[in-house]
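J.: The file below is work_17.cif, mmCIF, C-alpha atoms; chains and numbers go by the auth columns:
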```cif
data_query
#
loop_
_atom_site.group_PDB
_atom_site.id
_atom_site.type_symbol
_atom_site.label_atom_id
_atom_site.label_comp_id
_atom_site.label_asym_id
_atom_site.label_seq_id
_atom_site.Cartn_x
_atom_site.Cartn_y
_atom_site.Cartn_z
_atom_site.B_iso_or_equiv
_atom_site.auth_seq_id
_atom_site.auth_asym_id
ATOM 1 C CA MET A 1 -41.703 26.830 12.725 0.00 357 A
ATOM 2 C CA GLN A 2 -40.373 23.459 13.738 0.00 358 A
ATOM 3 C CA PHE A 3 -42.763 22.846 16.610 0.00 359 A
ATOM 4 C CA GLU A 4 -41.701 19.233 17.001 0.00 360 A
ATOM 5 C CA ARG A 5 -38.008 19.992 17.464 0.00 361 A
ATOM 6 C CA ALA A 6 -38.742 22.779 19.913 0.00 362 A
ATOM 7 C CA ILE A 7 -41.155 20.716 22.001 0.00 363 A
ATOM 8 C CA GLN A 8 -38.847 17.715 22.012 0.00 364 A
ATOM 9 C CA ALA A 9 -35.886 19.862 23.086 0.00 365 A
ATOM 10 C CA LEU A 10 -37.877 21.356 25.957 0.00 366 A
ATOM 11 C CA CYS A 11 -39.213 17.993 27.093 0.00 367 A
ATOM 12 C CA ASP A 12 -35.866 16.231 26.800 0.00 368 A
ATOM 13 C CA ALA A 13 -34.265 18.942 28.941 0.00 369 A
ATOM 14 C CA GLU A 14 -37.074 18.474 31.503 0.00 370 A
ATOM 15 C CA VAL A 15 -38.114 22.106 31.277 0.00 371 A
ATOM 16 C CA GLU A 16 -41.252 22.989 33.255 0.00 372 A
ATOM 17 C CA PHE A 17 -43.469 24.665 30.686 0.00 373 A
ATOM 18 C CA VAL A 18 -47.017 24.961 29.408 0.00 374 A
ATOM 19 C CA VAL A 19 -47.831 25.483 25.739 0.00 375 A
ATOM 20 C CA ILE A 20 -50.088 28.508 25.328 0.00 376 A
ATOM 21 C CA GLY A 21 -51.142 30.611 22.326 0.00 377 A
ATOM 22 C CA GLY A 22 -51.757 29.409 18.801 0.00 378 A
ATOM 23 C CA LEU A 23 -50.333 25.902 19.141 0.00 379 A
ATOM 24 C CA SER A 24 -52.552 25.314 22.152 0.00 380 A
ATOM 25 C CA ALA A 25 -55.512 26.547 20.087 0.00 381 A
ATOM 26 C CA THR A 26 -54.563 24.073 17.360 0.00 382 A
ATOM 27 C CA PHE A 27 -54.498 21.192 19.833 0.00 383 A
ATOM 28 C CA HIS A 28 -58.058 22.150 20.810 0.00 384 A
ATOM 29 C CA GLY A 29 -59.272 22.191 17.201 0.00 385 A
ATOM 30 C CA SER A 30 -58.505 25.660 15.840 0.00 386 A
ATOM 31 C CA VAL A 31 -57.718 25.760 12.132 0.00 387 A
ATOM 32 C CA ARG A 32 -55.802 29.048 12.283 0.00 388 A
ATOM 33 C CA ILE A 33 -52.141 28.749 11.341 0.00 389 A
ATOM 34 C CA THR A 34 -49.633 30.081 13.824 0.00 390 A
ATOM 35 C CA TYR A 35 -46.026 30.866 13.049 0.00 391 A
ATOM 36 C CA ASP A 36 -44.550 30.825 16.520 0.00 392 A
ATOM 37 C CA LEU A 37 -44.416 28.739 19.637 0.00 393 A
ATOM 38 C CA ASP A 38 -45.624 30.431 22.828 0.00 394 A
ATOM 39 C CA ILE A 39 -44.812 28.879 26.167 0.00 395 A
ATOM 40 C CA CYS A 40 -45.180 29.863 29.806 0.00 396 A
ATOM 41 C CA TYR A 41 -42.252 28.701 31.915 0.00 397 A
ATOM 42 C CA SER A 42 -41.437 28.379 35.582 0.00 398 A
ATOM 43 C CA ARG A 43 -38.955 30.934 36.904 0.00 399 A
ATOM 44 C CA ARG A 44 -37.400 28.510 39.385 0.00 400 A
ATOM 45 C CA PRO A 45 -33.603 28.847 39.020 0.00 401 A
ATOM 46 C CA ALA A 46 -33.074 25.224 38.027 0.00 402 A
ATOM 47 C CA ASN A 47 -35.748 25.567 35.368 0.00 403 A
ATOM 48 C CA LEU A 48 -34.191 28.719 33.953 0.00 404 A
ATOM 49 C CA ARG A 49 -30.957 26.784 33.537 0.00 405 A
ATOM 50 C CA ARG A 50 -32.744 23.895 31.832 0.00 406 A
ATOM 51 C CA LEU A 51 -34.636 26.273 29.539 0.00 407 A
ATOM 52 C CA SER A 52 -31.461 28.121 28.658 0.00 408 A
ATOM 53 C CA ASP A 53 -29.649 24.862 27.878 0.00 409 A
ATOM 54 C CA ALA A 54 -32.568 23.488 25.861 0.00 410 A
ATOM 55 C CA LEU A 55 -32.738 26.454 23.483 0.00 411 A
ATOM 56 C CA ALA A 56 -29.024 27.298 23.280 0.00 412 A
ATOM 57 C CA PRO A 57 -28.357 24.915 20.330 0.00 413 A
ATOM 58 C CA PHE A 58 -30.870 26.905 18.279 0.00 414 A
ATOM 59 C CA HIS A 59 -29.037 30.228 18.792 0.00 415 A
ATOM 60 C CA PRO A 60 -31.860 32.352 20.193 0.00 416 A
ATOM 61 C CA ARG A 61 -31.786 36.127 19.775 0.00 417 A
ATOM 62 C CA PRO A 62 -34.504 38.633 20.594 0.00 418 A
ATOM 63 C CA ARG A 63 -36.507 39.565 17.516 0.00 419 A
ATOM 64 C CA GLY A 64 -35.556 43.004 16.338 0.00 420 A
ATOM 65 C CA PHE A 65 -32.219 42.894 18.182 0.00 421 A
ATOM 66 C CA PRO A 66 -29.553 44.747 16.154 0.00 422 A
ATOM 67 C CA THR A 67 -27.418 42.428 14.039 0.00 423 A
ATOM 68 C CA GLY A 68 -23.749 42.495 14.929 0.00 424 A
ATOM 69 C CA VAL A 69 -24.453 43.339 18.565 0.00 425 A
ATOM 70 C CA PRO A 70 -23.537 40.440 20.871 0.00 426 A
ATOM 71 C CA PHE A 71 -26.394 38.814 22.739 0.00 427 A
ATOM 72 C CA PHE A 72 -25.703 36.514 25.659 0.00 428 A
ATOM 73 C CA TRP A 73 -28.156 33.699 26.149 0.00 429 A
ATOM 74 C CA ASP A 74 -28.111 32.149 29.585 0.00 430 A
ATOM 75 C CA GLU A 75 -30.230 31.788 32.693 0.00 431 A
ATOM 76 C CA LYS A 76 -29.356 35.338 33.756 0.00 432 A
ATOM 77 C CA THR A 77 -30.972 36.623 30.572 0.00 433 A
ATOM 78 C CA LEU A 78 -34.063 34.662 31.467 0.00 434 A
ATOM 79 C CA SER A 79 -34.071 35.776 35.099 0.00 435 A
ATOM 80 C CA ASN A 80 -33.883 39.437 34.035 0.00 436 A
ATOM 81 C CA SER A 81 -37.063 39.330 31.974 0.00 437 A
ATOM 82 C CA THR A 82 -40.586 37.960 32.109 0.00 438 A
ATOM 83 C CA ILE A 83 -41.244 38.047 28.359 0.00 439 A
ATOM 84 C CA LEU A 84 -38.780 37.176 25.621 0.00 440 A
ATOM 85 C CA THR A 85 -39.711 37.100 21.952 0.00 441 A
ATOM 86 C CA LEU A 86 -37.004 35.097 20.235 0.00 442 A
ATOM 87 C CA ARG A 87 -35.889 34.230 16.732 0.00 443 A
ATOM 88 C CA THR A 88 -34.130 30.859 16.652 0.00 444 A
ATOM 89 C CA ASP A 89 -32.766 28.471 14.022 0.00 445 A
ATOM 90 C CA ILE A 90 -36.018 26.505 14.276 0.00 446 A
ATOM 91 C CA GLY A 91 -38.452 29.417 14.269 0.00 447 A
ATOM 92 C CA GLU A 92 -39.882 32.070 16.506 0.00 448 A
ATOM 93 C CA ILE A 93 -40.385 31.216 20.143 0.00 449 A
ATOM 94 C CA ASP A 94 -42.049 33.452 22.719 0.00 450 A
ATOM 95 C CA LEU A 95 -41.243 32.788 26.366 0.00 451 A
ATOM 96 C CA MET A 96 -43.534 34.145 29.059 0.00 452 A
ATOM 97 C CA ALA A 97 -43.155 33.831 32.788 0.00 453 A
ATOM 98 C CA GLU A 98 -46.659 35.272 33.231 0.00 454 A
ATOM 99 C CA VAL A 99 -49.777 35.138 31.100 0.00 455 A
ATOM 100 C CA MET A 100 -52.274 37.990 31.045 0.00 456 A
ATOM 101 C CA GLY A 101 -55.597 36.948 32.514 0.00 457 A
ATOM 102 C CA LEU A 102 -54.111 33.845 34.132 0.00 458 A
ATOM 103 C CA GLY A 103 -51.064 34.771 36.216 0.00 459 A
ATOM 104 C CA ALA A 104 -47.646 33.256 36.755 0.00 460 A
ATOM 105 C CA PHE A 105 -46.526 29.740 35.876 0.00 461 A
ATOM 106 C CA ASP A 106 -48.128 27.975 38.854 0.00 462 A
ATOM 107 C CA ASP A 107 -51.495 29.581 38.048 0.00 463 A
ATOM 108 C CA VAL A 108 -51.123 28.665 34.381 0.00 464 A
ATOM 109 C CA ALA A 109 -50.139 25.090 35.249 0.00 465 A
ATOM 110 C CA ARG A 110 -53.332 24.716 37.308 0.00 466 A
ATOM 111 C CA ASP A 111 -55.327 25.388 34.133 0.00 467 A
ATOM 112 C CA ALA A 112 -53.291 22.970 32.031 0.00 468 A
ATOM 113 C CA LEU A 113 -53.997 19.580 30.510 0.00 469 A
ATOM 114 C CA GLU A 114 -51.561 16.803 29.703 0.00 470 A
ATOM 115 C CA ILE A 115 -51.150 16.137 26.011 0.00 471 A
ATOM 116 C CA GLU A 116 -49.190 13.601 24.018 0.00 472 A
ATOM 117 C CA ALA A 117 -47.957 15.000 20.705 0.00 473 A
ATOM 118 C CA PHE A 118 -44.711 15.243 18.762 0.00 474 A
ATOM 119 C CA GLU A 119 -43.715 11.971 20.477 0.00 475 A
ATOM 120 C CA ARG A 120 -43.568 13.631 23.886 0.00 476 A
ATOM 121 C CA GLN A 121 -45.847 14.295 26.852 0.00 477 A
ATOM 122 C CA PHE A 122 -46.227 17.868 28.013 0.00 478 A
ATOM 123 C CA ARG A 123 -48.818 20.391 29.132 0.00 479 A
ATOM 124 C CA THR A 124 -51.052 22.825 27.304 0.00 480 A
ATOM 125 C CA LEU A 125 -53.697 25.269 28.468 0.00 481 A
ATOM 126 C CA ASP A 126 -57.247 24.034 28.740 0.00 482 A
ATOM 127 C CA LEU A 127 -59.710 25.714 26.399 0.00 483 A
ATOM 128 C CA PRO A 128 -61.493 27.988 28.932 0.00 484 A
ATOM 129 C CA ALA A 129 -58.121 29.307 30.179 0.00 485 A
ATOM 130 C CA LEU A 130 -56.909 29.851 26.630 0.00 486 A
ATOM 131 C CA ILE A 131 -60.030 31.897 25.920 0.00 487 A
ATOM 132 C CA ARG A 132 -59.506 33.946 29.115 0.00 488 A
ATOM 133 C CA ALA A 133 -55.897 34.630 28.141 0.00 489 A
ATOM 134 C CA LYS A 134 -56.796 35.661 24.589 0.00 490 A
ATOM 135 C CA ARG A 135 -59.538 37.951 25.860 0.00 491 A
ATOM 136 C CA ALA A 136 -57.252 39.500 28.489 0.00 492 A
ATOM 137 C CA THR A 137 -54.643 40.643 25.992 0.00 493 A
ATOM 138 C CA GLY A 138 -57.225 42.749 24.160 0.00 494 A
ATOM 139 C CA ARG A 139 -55.068 42.515 21.030 0.00 495 A
ATOM 140 C CA GLU A 140 -56.952 42.451 17.760 0.00 496 A
ATOM 141 C CA LYS A 141 -55.443 39.161 16.597 0.00 497 A
ATOM 142 C CA ASP A 142 -56.292 37.467 19.892 0.00 498 A
ATOM 143 C CA LEU A 143 -59.836 38.818 19.959 0.00 499 A
ATOM 144 C CA ALA A 144 -60.295 37.629 16.369 0.00 500 A
ATOM 145 C CA ALA A 145 -59.509 34.087 17.511 0.00 501 A
ATOM 146 C CA LEU A 146 -62.304 34.090 20.103 0.00 502 A
ATOM 147 C CA PRO A 147 -65.335 33.228 17.928 0.00 503 A
ATOM 148 C CA GLU A 148 -63.631 30.041 16.761 0.00 504 A
ATOM 149 C CA LEU A 149 -62.409 29.037 20.233 0.00 505 A
ATOM 150 C CA GLU A 150 -65.766 29.780 21.847 0.00 506 A
ATOM 151 C CA SER A 151 -67.455 27.680 19.185 0.00 507 A
ATOM 152 C CA LEU A 152 -65.160 24.772 19.965 0.00 508 A
ATOM 153 C CA LEU A 153 -65.895 25.148 23.669 0.00 509 A
ATOM 154 C CA GLU A 154 -69.634 25.188 23.023 0.00 510 A
ATOM 155 C CA ALA A 155 -69.443 22.282 20.574 0.00 511 A
ATOM 156 C CA GLU A 156 -67.597 20.101 23.070 0.00 512 A
ATOM 157 C CA ALA A 157 -69.558 21.085 26.173 0.00 513 A
ATOM 158 C CA PRO A 158 -71.219 18.153 27.943 0.00 514 A
ATOM 159 C CA GLU A 159 -74.886 17.810 27.185 0.00 515 A
ATOM 160 C CA LYS A 160 -77.168 19.213 29.874 0.00 516 A
ATOM 161 C CA PRO A 161 -79.485 16.510 31.275 0.00 517 A
ATOM 162 C CA ASP A 162 -82.547 18.784 31.058 0.00 518 A
ATOM 163 C CA SER A 163 -81.902 19.459 27.371 0.00 519 A
ATOM 164 C CA GLU A 164 -82.199 15.789 26.510 0.00 520 A
ATOM 165 C CA GLY A 165 -85.913 15.739 27.202 0.00 521 A
ATOM 166 C CA MET B 1 -54.237 16.233 35.824 0.00 1416 F
ATOM 167 C CA LYS B 2 -56.666 15.736 32.951 0.00 1417 F
ATOM 168 C CA THR B 3 -55.468 14.722 29.514 0.00 1418 F
ATOM 169 C CA LEU B 4 -56.431 16.305 26.216 0.00 1419 F
ATOM 170 C CA ARG B 5 -57.563 13.446 23.991 0.00 1420 F
ATOM 171 C CA ALA B 6 -59.366 12.927 20.718 0.00 1421 F
ATOM 172 C CA LEU B 7 -63.130 13.166 21.048 0.00 1422 F
ATOM 173 C CA ALA B 8 -64.928 9.877 21.593 0.00 1423 F
ATOM 174 C CA PRO B 9 -67.328 8.962 18.740 0.00 1424 F
ATOM 175 C CA GLU B 10 -70.400 10.028 20.707 0.00 1425 F
ATOM 176 C CA GLN B 11 -68.759 13.338 21.716 0.00 1426 F
ATOM 177 C CA LEU B 12 -67.765 13.940 18.117 0.00 1427 F
ATOM 178 C CA ALA B 13 -71.309 13.273 16.931 0.00 1428 F
ATOM 179 C CA VAL B 14 -72.679 15.860 19.377 0.00 1429 F
ATOM 180 C CA ALA B 15 -70.006 18.411 18.421 0.00 1430 F
ATOM 181 C CA GLU B 16 -70.634 17.891 14.712 0.00 1431 F
ATOM 182 C CA ALA B 17 -74.389 18.300 15.138 0.00 1432 F
ATOM 183 C CA ARG B 18 -73.901 21.525 17.073 0.00 1433 F
ATOM 184 C CA LEU B 19 -71.415 22.929 14.566 0.00 1434 F
ATOM 185 C CA LEU B 20 -73.377 22.004 11.453 0.00 1435 F
ATOM 186 C CA ASN B 21 -76.752 23.076 12.852 0.00 1436 F
ATOM 187 C CA PRO B 22 -76.015 25.945 15.227 0.00 1437 F
ATOM 188 C CA ALA B 23 -78.673 26.678 17.812 0.00 1438 F
ATOM 189 C CA PRO B 24 -80.212 30.144 17.465 0.00 1439 F
ATOM 190 C CA GLY B 25 -78.450 32.596 19.750 0.00 1440 F
ATOM 191 C CA SER B 26 -75.497 30.257 20.319 0.00 1441 F
ATOM 192 C CA ARG B 27 -71.855 31.257 20.147 0.00 1442 F
ATOM 193 C CA ILE B 28 -71.511 28.821 17.257 0.00 1443 F
ATOM 194 C CA GLU B 29 -74.166 30.700 15.324 0.00 1444 F
ATOM 195 C CA ALA B 30 -72.383 33.971 16.126 0.00 1445 F
ATOM 196 C CA ALA B 31 -69.109 32.505 14.844 0.00 1446 F
ATOM 197 C CA ARG B 32 -70.757 31.374 11.604 0.00 1447 F
ATOM 198 C CA ASN B 33 -72.177 34.874 11.152 0.00 1448 F
ATOM 199 C CA TYR B 34 -68.686 36.268 11.892 0.00 1449 F
ATOM 200 C CA GLY B 35 -67.361 34.246 8.965 0.00 1450 F
ATOM 201 C CA ILE B 36 -65.904 31.131 10.572 0.00 1451 F
ATOM 202 C CA ASP B 37 -66.143 28.070 8.308 0.00 1452 F
ATOM 203 C CA LEU B 38 -67.591 25.593 10.775 0.00 1453 F
ATOM 204 C CA THR B 39 -67.078 22.640 8.432 0.00 1454 F
ATOM 205 C CA LEU B 40 -63.311 23.147 8.859 0.00 1455 F
ATOM 206 C CA LEU B 41 -63.732 22.850 12.615 0.00 1456 F
ATOM 207 C CA VAL B 42 -65.631 19.601 12.134 0.00 1457 F
ATOM 208 C CA GLU B 43 -62.774 18.212 10.050 0.00 1458 F
ATOM 209 C CA GLN B 44 -60.252 19.327 12.656 0.00 1459 F
ATOM 210 C CA LEU B 45 -62.201 17.753 15.523 0.00 1460 F
ATOM 211 C CA ARG B 46 -62.118 14.408 13.721 0.00 1461 F
ATOM 212 C CA LEU B 47 -58.346 14.391 14.272 0.00 1462 F
ATOM 213 C CA SER B 48 -56.552 13.681 17.521 0.00 1463 F
ATOM 214 C CA PRO B 49 -54.771 16.608 19.213 0.00 1464 F
ATOM 215 C CA ALA B 50 -51.449 15.085 18.107 0.00 1465 F
ATOM 216 C CA GLU B 51 -52.646 14.893 14.500 0.00 1466 F
ATOM 217 C CA ARG B 52 -53.752 18.539 14.680 0.00 1467 F
ATOM 218 C CA GLY B 53 -50.270 19.499 15.866 0.00 1468 F
ATOM 219 C CA ARG B 54 -48.627 17.524 13.077 0.00 1469 F
ATOM 220 C CA LYS B 55 -50.907 19.131 10.482 0.00 1470 F
ATOM 221 C CA LEU B 56 -49.955 22.584 11.772 0.00 1471 F
ATOM 222 C CA GLU B 57 -46.254 21.735 11.594 0.00 1472 F
ATOM 223 C CA ASP B 58 -46.638 20.545 7.989 0.00 1473 F
ATOM 224 C CA ALA B 59 -48.588 23.669 6.985 0.00 1474 F
ATOM 225 C CA SER B 60 -46.129 25.935 8.766 0.00 1475 F
ATOM 226 C CA ASN B 61 -43.163 24.314 6.994 0.00 1476 F
ATOM 227 C CA VAL B 62 -44.787 24.702 3.579 0.00 1477 F
ATOM 228 C CA LEU B 63 -45.502 28.372 4.279 0.00 1478 F
ATOM 229 C CA ASP B 64 -41.932 28.906 5.494 0.00 1479 F
ATOM 230 C CA LYS B 65 -40.658 27.534 2.164 0.00 1480 F
ATOM 231 C CA VAL B 66 -43.041 29.787 0.210 0.00 1481 F
ATOM 232 C CA ARG B 67 -41.936 32.802 2.247 0.00 1482 F
ATOM 233 C CA GLY B 68 -38.289 31.885 1.593 0.00 1483 F
ATOM 234 C CA ILE B 69 -38.885 31.666 -2.159 0.00 1484 F
ATOM 235 C CA ALA B 70 -40.734 34.997 -2.112 0.00 1485 F
ATOM 236 C CA ARG B 71 -37.869 36.635 -0.191 0.00 1486 F
ATOM 237 C CA ARG B 72 -35.262 35.355 -2.652 0.00 1487 F
ATOM 238 C CA ARG B 73 -37.284 36.651 -5.631 0.00 1488 F
ATOM 239 C CA SER B 74 -37.801 40.127 -4.165 0.00 1489 F
#
```
Using the file provided, produce a representation of the structure as structure tokens.
T.:
Amino acid sequence: MQFERAIQALCDAEVEFVVIGGLSATFHGSVRITYDLDICYSRRPANLRRLSDALAPFHPRPRGFPTGVPFFWDEKTLSNSTILTLRTDIGEIDLMAEVMGLGAFDDVARDALEIEAFERQFRTLDLPALIRAKRATGREKDLAALPELESLLEAEAPEKPDSEG
Amino acid sequence: MKTLRALAPEQLAVAEARLLNPAPGSRIEAARNYGIDLTLLVEQLRLSPAERGRKLEDASNVLDKVRGIARRRS
């Protein structure tokens, strides 16, 4: 997965998005390797157009979509769905308008932090929200990520004044 | 909006101490018992978030190449 190219394309097109999922976990210190980019995006019409334009050069198609069957990628495709799992020339990208346990884009953005990486500035979930989202899915692979993420949260928690003696 | 940054030296020292000597009953201790290698987390926390992202991209690209070779051989 070419995370850098994907992030740069989204930022350069001024797409409103928040990085969630495995890449967000990596930014927080997870050592698990992820093979796809998960983002939550705003469903505002102008943003759907920007998102469509940003990914179009990478020829997105839904994963598992029959080969040989035409697939039209534009803002209408985005407006007709809230989750799209895509295969692109630069790797697998999952687009979500809503995140389980958190809500729609505006709710997700409230739980986001600014980050500078891949030579761009963008947003990613904070660690408590990422843990809530992973727990909410109930999927085995997400639940398996929790011990590591909860350890990172505990390791980085501010020291309590009464524990310092 | 807050920014995700590398841990300051004093924050890193606290995090390392907690990860390498988990308090009884802590989530860190539970993770160690679950099988998480906490020394890897320490190494990761020594990097900035940007460096962690770059490391993931490098690892992902290597694995993509390996998967491509495996596909061609099968």
J.: Need the shell around Arg1433 (chain F): protein/DNA/RNA residues with any atom at most 12 Å away, counting all atoms listed in the file. Skip same-chain ones fewer than 6 positions apart. Format as a list in words?
T.: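 So, after excluding close chain neighbours, the residues are Ser507, Leu508, Leu509, Glu510, Ala511, Glu512, Ala513, Pro514 and Glu515 of chain A; Gln1426, Leu1427, Pro1439, Ser1441, Arg1442, Ile1443, Glu1444, Arg1447, Leu1453, Thr1454, Leu1456 and Val1457 of chain F.
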J.: Taking only residues of chain A that have an atom at most 8 Å from an atom of chain F, what is each one's shortest atom pair and its distance in Å to one decimal, using only C-alpha atoms, in chain and number order, as a Markdown table?
T.:
```
| residue | atom | partner | partner_atom | distance |
| --- | --- | --- | --- | --- |
| A:Met357 | CA | F:Ser1475 | CA | 6.0 |
| A:Gln358 | CA | F:Glu1472 | CA | 6.5 |
| A:Phe359 | CA | F:Glu1472 | CA | 6.2 |
| A:Glu360 | CA | F:Glu1472 | CA | 7.5 |
| A:Leu379 | CA | F:Gly1468 | CA | 7.2 |
| A:Thr382 | CA | F:Arg1467 | CA | 6.2 |
| A:Phe383 | CA | F:Pro1464 | CA | 4.6 |
| A:His384 | CA | F:Pro1464 | CA | 6.6 |
| A:Gly385 | CA | F:Gln1459 | CA | 5.5 |
| A:Ser386 | CA | F:Leu1456 | CA | 6.8 |
| A:Val387 | CA | F:Leu1456 | CA | 6.7 |
| A:Ile389 | CA | F:Leu1471 | CA | 6.6 |
| A:Thr390 | CA | F:Ser1475 | CA | 7.4 |
| A:Tyr391 | CA | F:Ser1475 | CA | 6.5 |
| A:Ala468 | CA | F:Met1416 | CA | 7.8 |
| A:Leu469 | CA | F:Thr1418 | CA | 5.2 |
| A:Glu470 | CA | F:Thr1418 | CA | 4.4 |
| A:Ile471 | CA | F:Leu1419 | CA | 5.3 |
| A:Glu472 | CA | F:Ala1465 | CA | 6.5 |
| A:Ala473 | CA | F:Ala1465 | CA | 4.4 |
| A:Phe474 | CA | F:Ala1465 | CA | 6.8 |
| A:Pro503 | CA | F:Ala1446 | CA | 4.9 |
| A:Glu504 | CA | F:Ala1446 | CA | 6.3 |
| A:Glu506 | CA | F:Arg1442 | CA | 6.5 |
| A:Ser507 | CA | F:Ile1443 | CA | 4.6 |
| A:Leu508 | CA | F:Leu1456 | CA | 7.7 |
| A:Glu510 | CA | F:Ile1443 | CA | 7.1 |
| A:Ala511 | CA | F:Ala1430 | CA | 4.5 |
| A:Glu512 | CA | F:Ala1430 | CA | 5.5 |
```
J.: Just to confirm, what's the straight-line distance from CA of Ala369 (chain A) to CA of Trp429 (chain A) in Å (one decimal)?
T.: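 Separating CA of Ala369 (chain A) from CA of Trp429 (chain A) is a distance of 16.2 Å.
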J.: Can you turn the PyMOL selection byres ((chain A and resi 485) around 9) into a concrete residue list for this file, as a PyMOL selection string?
T.: chain A and resi 457-458+464+467-468+481-484+486-490
J.: Which value, in Å to one decimal, gives the distance between CA of Asp462 (chain A) and CA of Tyr397 (chain A)?
T.: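 Separating CA of Asp462 (chain A) from CA of Tyr397 (chain A) is a distance of 9.1 Å.
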J.: Report, in Å with one decimal, the straight-line distance from CA of Ala500 (chain A) to CA of Ala381 (chain A).
T.: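 One can read the CA of Ala500 (chain A) to CA of Ala381 (chain A) distance as 12.6 Å.
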J.: When the PyMOL selection byres ((chain A and resi 439-452) around 8) is applied to the file above, which residues end up in the set, as a ChimeraX atom specification?
T.: /A:357-358,361-362,391-397,414-419,434,437-438,453-455
